[in-house]
Amino acid sequence: MEQVAAPAATDDPDVASRAHHRRLPVLTQEAPHSSTQPSVEPALPAEASPARQPGGAASRVALGILISRIFGLIRERVFAHYFGNSDFADAFRQASRIPNLLNNLFGEGVLSASFVTVYAKLRSHGEDDEAEDVAHAVFGILTLVCSVVVFIGVVITPVLIDAIAPGFTGDKRELTIKLVRILFPGTGLLALSAWCLGILNSHRRFLLSYTAPVALNLAMIVALLSFGSYSTQSNLAIYLAWAFVLGSALQFLVQLPRVLELLPNFSPTLDFDLPAVKTVLRNFVPVFLSRGVVQISSYIDSVIATLLPSGAVAALGYGQVISVLPISLFSMAVSASELPTLSGAKGTETEVAGFLRARLSAGLRRIAFLVIPSAVAFLVLGDIVAGLFYQTGRFHRADSVYVWGVLAGSAVGLLASALGRLYSSAFYALHDPKTPLRFAVIRVVLTTVLGLIAALWLPHWLGLDEKWGVAGLTASAGVAGWVEYTLLNRTLGRRIGGVSIPIGFAAKLWSLAFGSAAAAYAVKRAVGTNHPLPLAVVALGLYGACYLGGSFGIGIPESHEIVGQVKRLLRR
């Protein structure tokens with residue numbers, strides 16, 4: 001795998017000199033425990049002090065994401081029970097791609113990078129009135145833009161379907177068109193929900209914003225359970241699409257009261273003239289494009305999958321739901337919680353660079369400790385994982401094995417994608433969204449070229465069934481992810497000094513993960529696969545226990561932190 005360079009370069013005086021002479025933003029750091037307390041001048045002795053307690057906010061984000069993801073997995077299990085890997089599953093998966101794209105473009109990631117950085121900076125300087133004005137203007141502009149996009153999207157849906165699902169014909173294509181038109185309005189509501197998340201995160205109110213998607217998942221679960229037993233699969237897909245719209249509204253509404261408490265004079269405007277709003281919009285464009293090319297990469301995978309045998313699109317979707325979990329729970333939790341803090345760093349240029357290195361170093365270690373065993377589990381035990389989540393009703397053992405191929409491919413670039421999120425947050429905190437954009441473009445080009453080869457031609461060259469091209473899609477995307485990670489790592493190192501995961505630390509984690517997976521695989525061979533749920537409990541439980549116990553035994557600090565948190569919870 002790509003080496004993760006040791007951070008020794010941090011102490012290089014030449015690096016320190018380069019960081020000192022480079023123009024870094026000098027911002028103020030908000031006190032993390034209060035939204036109203038005035039900013040304080042932090043002491044920044046080298047790189048140790050800012051990172052002493054980096055995990056509290058990340059833990060709250062992770063808890064919120066975990067709760068919402070649990071309900072998301074329940075939704076997916078019920079979906080698999082009623083749809084399996086059928087054409088109707090393919091249609092719903094592909095139909096939801098367009099709304100998901102717009103949500104990702106106008107939603108959380110873009111708003112966090114463009115809006116939260118400006119809003120948090122204003123608040124840290126005590127400019128609360130201007131910060132509130134910016135929040136009002138961003139809400140108004142976002143509402144206007146999303147309304148226009150949703151209207152246009154509904155009108156031109158057939159054209160969009162021809163672009164994203166060229167392999168769909170007949171009734172399958174018509175159903176996909178109908179579903180997209182229903183789903184579009186829910187997308188606008190999710191973008192407004194992401195605005196709420198940006199406000200709450202800036203005030204360090206993480207739990208509510210990340211548990212709000214439970215409302216959306218519950219609405220879809222209720223629809224599946226209410227209509228699944230007696231509806232045709234075609235009608236059930238339509239009911240599920242309407243449930244998505246209702247759930248999107250609920251996700252926005254559950255956050256709104258708390259946001260209105262933080263913005264007591266809430267009054268949406270279309271004020272484009274505020275300097276801070278201009279900064280948000282200026283940042284928005286490159287971040288929008290950066291997120292866009294990443295989403296294009298995902299869309300390219302799904303478009304290619306429509307050219308593969310029936311069930312490939314559904315299998316890709318099932319696999320992506322699982323593979324995104326480590327990114328959401330670990331990488332996104334750390335990145336989202338760190339962004340306001342990184343954006344609020346203050347001091348001299350050298351002190352800011354040291355602050356960023358310390359926060360990033362601690363965050364990278366936490367991400368790697370949790371993502372590496374996830375990647376190994378997908379690679380070695382993917383059928384057990386898929387069986388745990390999906391194997392019921394119309395979803396059979398063969399489907400679990402098929403999804404295992406998707407997960408094994410995802411394992412290739414899982415760590416690179418997870419670490420890349422945090423590096424991108426560092427660039428956003430430095431008010432440089434263009435660098436991640438350039439590297440994202442490189443990634444999408446590589447994904448396209450490698451994906452076409454791996455999905456459409458590689459199975460034939462290897463003498464495999466062409467359906468396994470879907471595994472080639474995720475593996476090729478992983479290779480492109482490592483290229484992007486390497487570019488982000490090296491460029492940021494030149495900017496603030498080297499910050500990476502020590503090679504020895506990473507080697508220990510990979511060795512522990514593969515050793516633990518071997519023990520779990522032996523259990524699978526001994527027990528058999530006839531009963532997926534008990535097998536998953538035993539095998540995955542053993543895997544987790546071996547990894548955590550082994551890392552604790554050899555003194556990995558992150559494992560001691562997790563054990564300490566568990567002990568504190570048990571004492572309460």
# chains A, B, ... in the order shown; residues from 1 in each chain; ligands from 1
>>> select_by_dssp(residues="range 211-402 of chain A", states="helix (DSSP H, G or I)", output="PyMOL selection string")
chain A and resi 211+213-227+233-262+275-305+312-343+349-390+397-402
>>> write_last_selection(atoms="C-alpha atoms", output="short mmCIF file (atom, residue, chain, number, x, y, z; two decimals), in the first residue's frame")
data_model
loop_
_atom_site.label_atom_id
_atom_site.label_comp_id
_atom_site.auth_asym_id
_atom_site.auth_seq_id
_atom_site.Cartn_x
_atom_site.Cartn_y
_atom_site.Cartn_z
CA THR A 211 -29.35 12.33 14.77
CA PRO A 213 -31.71 11.80 9.78
CA VAL A 214 -33.43 9.28 12.06
CA ALA A 215 -36.68 11.02 11.13
CA LEU A 216 -36.08 10.35 7.43
CA ASN A 217 -35.13 6.74 8.00
CA LEU A 218 -38.15 6.12 10.23
CA ALA A 219 -40.52 7.50 7.60
CA MET A 220 -39.10 5.13 4.98
CA ILE A 221 -39.12 2.14 7.35
CA VAL A 222 -42.77 2.76 8.24
CA ALA A 223 -43.69 2.98 4.54
CA LEU A 224 -41.94 -0.31 3.73
CA LEU A 225 -43.53 -2.15 6.64
CA SER A 226 -46.97 -0.64 6.02
CA PHE A 227 -47.20 -1.38 2.30
CA GLN A 233 -42.82 -3.91 -5.96
CA SER A 234 -43.51 -1.12 -8.43
CA ASN A 235 -46.12 0.52 -6.18
CA LEU A 236 -43.97 -0.06 -3.10
CA ALA A 237 -41.12 1.85 -4.74
CA ILE A 238 -43.49 4.79 -5.34
CA TYR A 239 -44.75 4.76 -1.74
CA LEU A 240 -41.15 4.68 -0.55
CA ALA A 241 -40.30 7.72 -2.68
CA TRP A 242 -43.14 9.73 -1.10
CA ALA A 243 -41.97 8.60 2.34
CA PHE A 244 -38.54 10.01 1.46
CA VAL A 245 -40.09 13.44 0.80
CA LEU A 246 -42.06 13.34 4.08
CA GLY A 247 -39.00 12.21 6.00
CA SER A 248 -36.86 14.97 4.48
CA ALA A 249 -39.35 17.54 5.77
CA LEU A 250 -39.26 15.96 9.22
CA GLN A 251 -35.46 15.96 9.25
CA PHE A 252 -35.49 19.73 8.64
CA LEU A 253 -38.26 20.47 11.12
CA VAL A 254 -36.75 18.60 14.08
CA GLN A 255 -33.66 20.83 13.90
CA LEU A 256 -35.42 24.12 13.22
CA PRO A 257 -36.61 24.95 16.80
CA ARG A 258 -33.08 24.64 18.21
CA VAL A 259 -31.67 26.71 15.35
CA LEU A 260 -34.24 29.44 16.00
CA GLU A 261 -33.09 29.57 19.61
CA LEU A 262 -29.56 30.27 18.39
CA PRO A 275 -18.76 41.04 2.49
CA ALA A 276 -19.01 37.81 4.47
CA VAL A 277 -21.75 36.52 2.17
CA LYS A 278 -19.52 37.27 -0.82
CA THR A 279 -16.79 35.24 0.89
CA VAL A 280 -19.19 32.34 1.39
CA LEU A 281 -20.26 32.45 -2.25
CA ARG A 282 -16.66 32.78 -3.42
CA ASN A 283 -15.71 29.71 -1.37
CA PHE A 284 -18.88 27.92 -2.41
CA VAL A 285 -18.02 27.69 -6.11
CA PRO A 286 -14.75 25.72 -5.88
CA VAL A 287 -16.08 23.57 -3.03
CA PHE A 288 -19.27 22.95 -5.02
CA LEU A 289 -17.18 21.89 -7.99
CA SER A 290 -14.92 19.77 -5.80
CA ARG A 291 -17.86 17.95 -4.25
CA GLY A 292 -19.38 17.77 -7.71
CA VAL A 293 -16.49 15.93 -9.29
CA VAL A 294 -16.42 13.51 -6.36
CA GLN A 295 -20.12 12.87 -6.90
CA ILE A 296 -19.50 12.52 -10.61
CA SER A 297 -17.06 9.78 -9.71
CA SER A 298 -19.81 7.96 -7.84
CA TYR A 299 -22.23 8.57 -10.69
CA ILE A 300 -19.80 7.18 -13.21
CA ASP A 301 -19.71 3.97 -11.17
CA SER A 302 -23.49 3.74 -11.16
CA VAL A 303 -23.78 4.58 -14.87
CA ILE A 304 -21.29 1.85 -15.75
CA ALA A 305 -23.16 -0.52 -13.44
CA ALA A 312 -25.48 -4.82 -10.38
CA VAL A 313 -26.84 -1.38 -9.54
CA ALA A 314 -28.63 -2.71 -6.47
CA ALA A 315 -25.56 -4.65 -5.31
CA LEU A 316 -23.42 -1.54 -5.75
CA GLY A 317 -25.90 0.42 -3.65
CA TYR A 318 -26.06 -2.21 -0.90
CA GLY A 319 -22.27 -2.32 -0.75
CA GLN A 320 -21.90 1.46 -0.68
CA VAL A 321 -24.33 1.76 2.23
CA ILE A 322 -22.02 -0.47 4.28
CA SER A 323 -18.70 0.86 2.99
CA VAL A 324 -19.66 4.46 3.76
CA LEU A 325 -20.23 3.60 7.43
CA PRO A 326 -16.57 3.84 8.52
CA ILE A 327 -16.22 7.10 6.56
CA SER A 328 -19.32 8.53 8.23
CA LEU A 329 -18.70 7.27 11.74
CA PHE A 330 -14.97 7.89 12.00
CA SER A 331 -13.61 10.16 9.29
CA MET A 332 -16.64 12.43 8.93
CA ALA A 333 -17.03 12.63 12.72
CA VAL A 334 -13.46 13.81 13.19
CA SER A 335 -13.50 16.12 10.16
CA ALA A 336 -16.83 17.75 11.03
CA SER A 337 -15.90 18.34 14.66
CA GLU A 338 -12.44 19.66 13.78
CA LEU A 339 -13.48 22.09 11.03
CA PRO A 340 -14.79 24.88 13.34
CA THR A 341 -11.72 24.48 15.58
CA LEU A 342 -9.25 24.48 12.70
CA SER A 343 -11.01 27.50 11.19
CA GLU A 349 1.76 31.97 11.21
CA THR A 350 4.12 29.48 12.81
CA GLU A 351 1.75 28.93 15.73
CA VAL A 352 -1.21 28.40 13.41
CA ALA A 353 0.79 25.86 11.40
CA GLY A 354 1.77 24.03 14.59
CA PHE A 355 -1.80 24.07 15.82
CA LEU A 356 -3.06 22.54 12.60
CA ARG A 357 -0.37 19.86 12.60
CA ALA A 358 -1.21 18.83 16.15
CA ARG A 359 -4.95 18.60 15.52
CA LEU A 360 -4.47 16.78 12.23
CA SER A 361 -1.95 14.31 13.65
CA ALA A 362 -4.28 13.28 16.45
CA GLY A 363 -7.26 13.08 14.08
CA LEU A 364 -5.40 10.98 11.51
CA ARG A 365 -4.40 8.43 14.17
CA ARG A 366 -7.97 8.12 15.46
CA ILE A 367 -9.32 7.65 11.93
CA ALA A 368 -6.70 5.02 11.03
CA PHE A 369 -7.25 3.06 14.24
CA LEU A 370 -10.91 2.55 13.36
CA VAL A 371 -10.90 2.49 9.54
CA ILE A 372 -8.10 -0.04 9.03
CA PRO A 373 -10.01 -2.90 10.76
CA SER A 374 -13.11 -1.89 8.78
CA ALA A 375 -11.22 -2.25 5.49
CA VAL A 376 -9.84 -5.66 6.50
CA ALA A 377 -13.30 -6.84 7.57
CA PHE A 378 -14.72 -5.86 4.17
CA LEU A 379 -11.93 -7.69 2.39
CA VAL A 380 -11.85 -10.93 4.40
CA LEU A 381 -15.29 -11.14 6.03
CA GLY A 382 -17.47 -9.19 3.60
CA ASP A 383 -19.99 -11.99 3.09
CA ILE A 384 -20.58 -12.17 6.84
CA VAL A 385 -21.02 -8.41 7.04
CA ALA A 386 -23.47 -8.36 4.10
CA GLY A 387 -25.38 -11.32 5.51
CA LEU A 388 -25.71 -9.57 8.87
CA PHE A 389 -27.25 -6.48 7.33
CA TYR A 390 -29.30 -7.83 4.44
CA ARG A 397 -26.79 -16.06 0.45
CA ALA A 398 -25.72 -15.60 -3.18
CA ASP A 399 -26.64 -11.92 -2.90
CA SER A 400 -24.46 -11.61 0.22
CA VAL A 401 -21.52 -13.06 -1.69
CA TYR A 402 -22.17 -10.65 -4.56
#
>>> atom_distance(atom1="CA of Glu484 in chain A", atom2="CA of Phe439 in chain A")
5.7 Å
>>> residues_around(residues="Gly188 in chain A", least_positions_apart="4", cutoff="8 Å", atoms="only C-alpha atoms", output="short mmCIF file (atom, residue, chain, number, x, y, z; two decimals) with all heavy atoms, in the first residue's frame")
data_model
loop_
_atom_site.label_atom_id
_atom_site.label_comp_id
_atom_site.auth_asym_id
_atom_site.auth_seq_id
_atom_site.Cartn_x
_atom_site.Cartn_y
_atom_site.Cartn_z
N ASN A 103 -28.23 16.85 -2.89
CA ASN A 103 -28.07 17.00 -1.45
C ASN A 103 -26.60 17.15 -1.07
O ASN A 103 -26.23 17.97 -0.24
CB ASN A 103 -28.68 15.80 -0.73
CG ASN A 103 -28.55 15.91 0.77
OD1 ASN A 103 -28.78 16.96 1.36
ND2 ASN A 103 -28.17 14.81 1.42
N THR A 143 -32.41 28.59 -0.33
CA THR A 143 -33.80 28.25 -0.63
C THR A 143 -34.15 28.59 -2.07
O THR A 143 -34.79 27.79 -2.78
CB THR A 143 -34.74 29.01 0.32
OG1 THR A 143 -34.43 28.67 1.68
CG2 THR A 143 -36.20 28.65 0.05
N CYS A 146 -32.18 26.15 -4.54
CA CYS A 146 -32.72 24.78 -4.51
C CYS A 146 -34.09 24.70 -5.16
O CYS A 146 -34.40 23.72 -5.84
CB CYS A 146 -32.78 24.28 -3.06
SG CYS A 146 -31.17 23.91 -2.36
N SER A 147 -34.92 25.72 -4.96
CA SER A 147 -36.25 25.72 -5.58
C SER A 147 -36.15 25.71 -7.09
O SER A 147 -36.87 24.97 -7.78
CB SER A 147 -37.04 26.95 -5.11
OG SER A 147 -37.22 26.94 -3.70
N VAL A 150 -34.77 22.25 -8.25
CA VAL A 150 -35.78 21.20 -8.14
C VAL A 150 -36.80 21.31 -9.27
O VAL A 150 -37.17 20.31 -9.89
CB VAL A 150 -36.47 21.26 -6.77
CG1 VAL A 150 -37.73 20.38 -6.75
CG2 VAL A 150 -35.52 20.82 -5.66
N PHE A 184 -37.32 14.52 -6.06
CA PHE A 184 -36.65 15.81 -6.20
C PHE A 184 -37.00 16.83 -5.10
O PHE A 184 -36.11 17.46 -4.53
CB PHE A 184 -36.95 16.42 -7.57
CG PHE A 184 -35.75 16.46 -8.47
CD1 PHE A 184 -35.76 15.79 -9.69
CD2 PHE A 184 -34.61 17.17 -8.11
CE1 PHE A 184 -34.66 15.81 -10.52
CE2 PHE A 184 -33.51 17.20 -8.95
CZ PHE A 184 -33.53 16.52 -10.16
N LEU A 192 -31.84 22.37 3.09
CA LEU A 192 -32.16 23.27 4.20
C LEU A 192 -31.82 22.62 5.53
O LEU A 192 -31.39 23.30 6.48
CB LEU A 192 -33.64 23.65 4.15
CG LEU A 192 -34.09 24.41 2.89
CD1 LEU A 192 -35.57 24.76 2.99
CD2 LEU A 192 -33.25 25.66 2.69
#
>>> residues_around(residues="Gly311 in chain A", least_positions_apart="3", cutoff="8 Å", atoms="only C-alpha atoms", output="MDAnalysis selection string")
chainID A and resid 85:87 89:90 314:315
>>> write_last_selection(atoms="C-alpha atoms", output="mmCIF file, in the first residue's frame")
data_model
loop_
_atom_site.group_PDB
_atom_site.id
_atom_site.type_symbol
_atom_site.label_atom_id
_atom_site.label_comp_id
_atom_site.auth_asym_id
_atom_site.auth_seq_id
_atom_site.Cartn_x
_atom_site.Cartn_y
_atom_site.Cartn_z
ATOM 1 C CA ASN A 85 -31.503 -7.538 -6.129
ATOM 2 C CA SER A 86 -34.485 -7.070 -8.462
ATOM 3 C CA ASP A 87 -35.028 -4.609 -11.300
ATOM 4 C CA ALA A 89 -34.275 -2.291 -6.519
ATOM 5 C CA ASP A 90 -32.092 -1.166 -9.425
ATOM 6 C CA ALA A 314 -28.628 -2.713 -6.471
ATOM 7 C CA ALA A 315 -25.555 -4.650 -5.306
#
>>> residues_around(residues="range 538-555 of chain A", least_positions_apart="4", cutoff="8 Å", atoms="only C-alpha atoms", output="list in words")
Pro373, Leu509, Leu512, Ala513, Ser516, Ala517, Ala519, Ala520, Tyr521, Val523, Lys524, Pro534, Ser559 and His560 of chain A
>>> write_last_selection(atoms="N, CA and C atoms", output="CSV table (one decimal), in the first residue's frame")
chain,number,residue,atom,x,y,z
A,373,PRO,N,-9.3,-1.6,10.5
A,373,PRO,CA,-10.0,-2.9,10.8
A,373,PRO,C,-11.3,-3.0,9.9
A,509,LEU,N,-1.3,-1.7,13.1
A,509,LEU,CA,-2.8,-1.8,12.9
A,509,LEU,C,-3.1,-2.8,11.9
A,512,LEU,N,-2.5,-6.4,13.2
A,512,LEU,CA,-3.5,-6.8,14.1
A,512,LEU,C,-4.8,-7.1,13.4
A,513,ALA,N,-5.2,-6.3,12.5
A,513,ALA,CA,-6.5,-6.5,11.8
A,513,ALA,C,-6.5,-7.8,11.0
A,516,SER,N,-6.5,-10.8,13.4
A,516,SER,CA,-7.9,-11.0,14.0
A,516,SER,C,-8.9,-11.5,12.9
A,517,ALA,N,-8.7,-11.0,11.7
A,517,ALA,CA,-9.6,-11.5,10.6
A,517,ALA,C,-9.4,-13.0,10.3
A,519,ALA,N,-8.6,-15.3,12.5
A,519,ALA,CA,-9.3,-16.0,13.5
A,519,ALA,C,-10.8,-16.1,13.2
A,520,ALA,N,-11.4,-15.0,12.8
A,520,ALA,CA,-12.8,-14.9,12.5
A,520,ALA,C,-13.1,-15.8,11.3
A,521,TYR,N,-12.3,-15.8,10.3
A,521,TYR,CA,-12.5,-16.6,9.1
A,521,TYR,C,-12.5,-18.1,9.4
A,523,VAL,N,-13.4,-19.3,12.2
A,523,VAL,CA,-14.7,-19.6,12.8
A,523,VAL,C,-15.8,-19.8,11.8
A,524,LYS,N,-15.8,-19.0,10.7
A,524,LYS,CA,-16.7,-19.1,9.6
A,524,LYS,C,-16.6,-20.5,9.0
A,534,PRO,N,-26.4,-15.5,13.7
A,534,PRO,CA,-25.5,-16.0,14.7
A,534,PRO,C,-24.0,-16.1,14.3
A,559,SER,N,-6.6,2.6,21.7
A,559,SER,CA,-7.4,1.5,22.3
A,559,SER,C,-7.6,1.8,23.7
A,560,HIS,N,-6.6,2.4,24.4
A,560,HIS,CA,-6.8,2.7,25.8
A,560,HIS,C,-7.8,3.8,26.0
>>> atom_distance(atom1="CA of Leu190 in chain A", atom2="CA of Phe139 in chain A")
12.5 Å
>>> atom_distance(atom1="CA of Ala480 in chain A", atom2="CA of Gly504 in chain A")
24.3 Å
>>> closest_residue(among="A:Thr474, A:Thr392, A:Gln94, A:Ser209", to="Trp404 in chain A", atoms="only C-alpha atoms")
A:Thr474
>>> closest_residue(among="A:Gly451, A:Pro268, A:His431, A:Glu174", to="Thr157 in chain A", atoms="only C-alpha atoms")
A:Glu174
>>> residues_around(residues="Asp271 in chain A", least_positions_apart="6", cutoff="10 Å", atoms="only C-alpha atoms", output="tab-separated table (two decimals) with N, CA and C atoms, in the first residue's frame")
chain	number	residue	atom	x	y	z
A	133	ASP	N	-26.59	37.78	10.34
A	133	ASP	CA	-26.99	38.29	9.02
A	133	ASP	C	-26.54	37.34	7.91
A	134	VAL	N	-25.33	36.81	8.05
A	134	VAL	CA	-24.83	35.86	7.05
A	134	VAL	C	-25.69	34.61	7.03
A	136	HIS	N	-28.83	34.35	7.83
A	136	HIS	CA	-30.11	34.67	7.19
A	136	HIS	C	-29.97	34.70	5.67
A	137	ALA	N	-28.91	35.33	5.19
A	137	ALA	CA	-28.72	35.46	3.74
A	137	ALA	C	-28.44	34.10	3.10
A	138	VAL	N	-27.62	33.29	3.74
A	138	VAL	CA	-27.31	31.97	3.17
A	138	VAL	C	-28.58	31.12	3.09
A	140	GLY	N	-31.69	32.21	2.73
A	140	GLY	CA	-32.53	32.73	1.66
A	140	GLY	C	-31.99	32.35	0.29
A	141	ILE	N	-30.69	32.51	0.09
A	141	ILE	CA	-30.09	32.19	-1.21
A	141	ILE	C	-30.18	30.69	-1.47
A	277	VAL	N	-20.96	37.34	3.09
A	277	VAL	CA	-21.75	36.52	2.17
A	277	VAL	C	-20.99	36.34	0.85
A	278	LYS	N	-20.34	37.39	0.40
A	278	LYS	CA	-19.52	37.27	-0.82
A	278	LYS	C	-18.40	36.25	-0.62
>>> closest_residue(among="A:Val78, A:Val180, A:Ala475, A:Val483", to="Val445 in chain A", atoms="only C-alpha atoms")
A:Val483
>>> closest_residue(among="A:Thr435, A:Thr486, A:Ser310, A:Gln391", to="Gly413 in chain A", atoms="only C-alpha atoms")
A:Thr486
>>> closest_residue(among="A:Asn100, A:Ser229, A:Asn201, A:Ile164", to="Leu189 in chain A", atoms="only C-alpha atoms")
A:Asn100
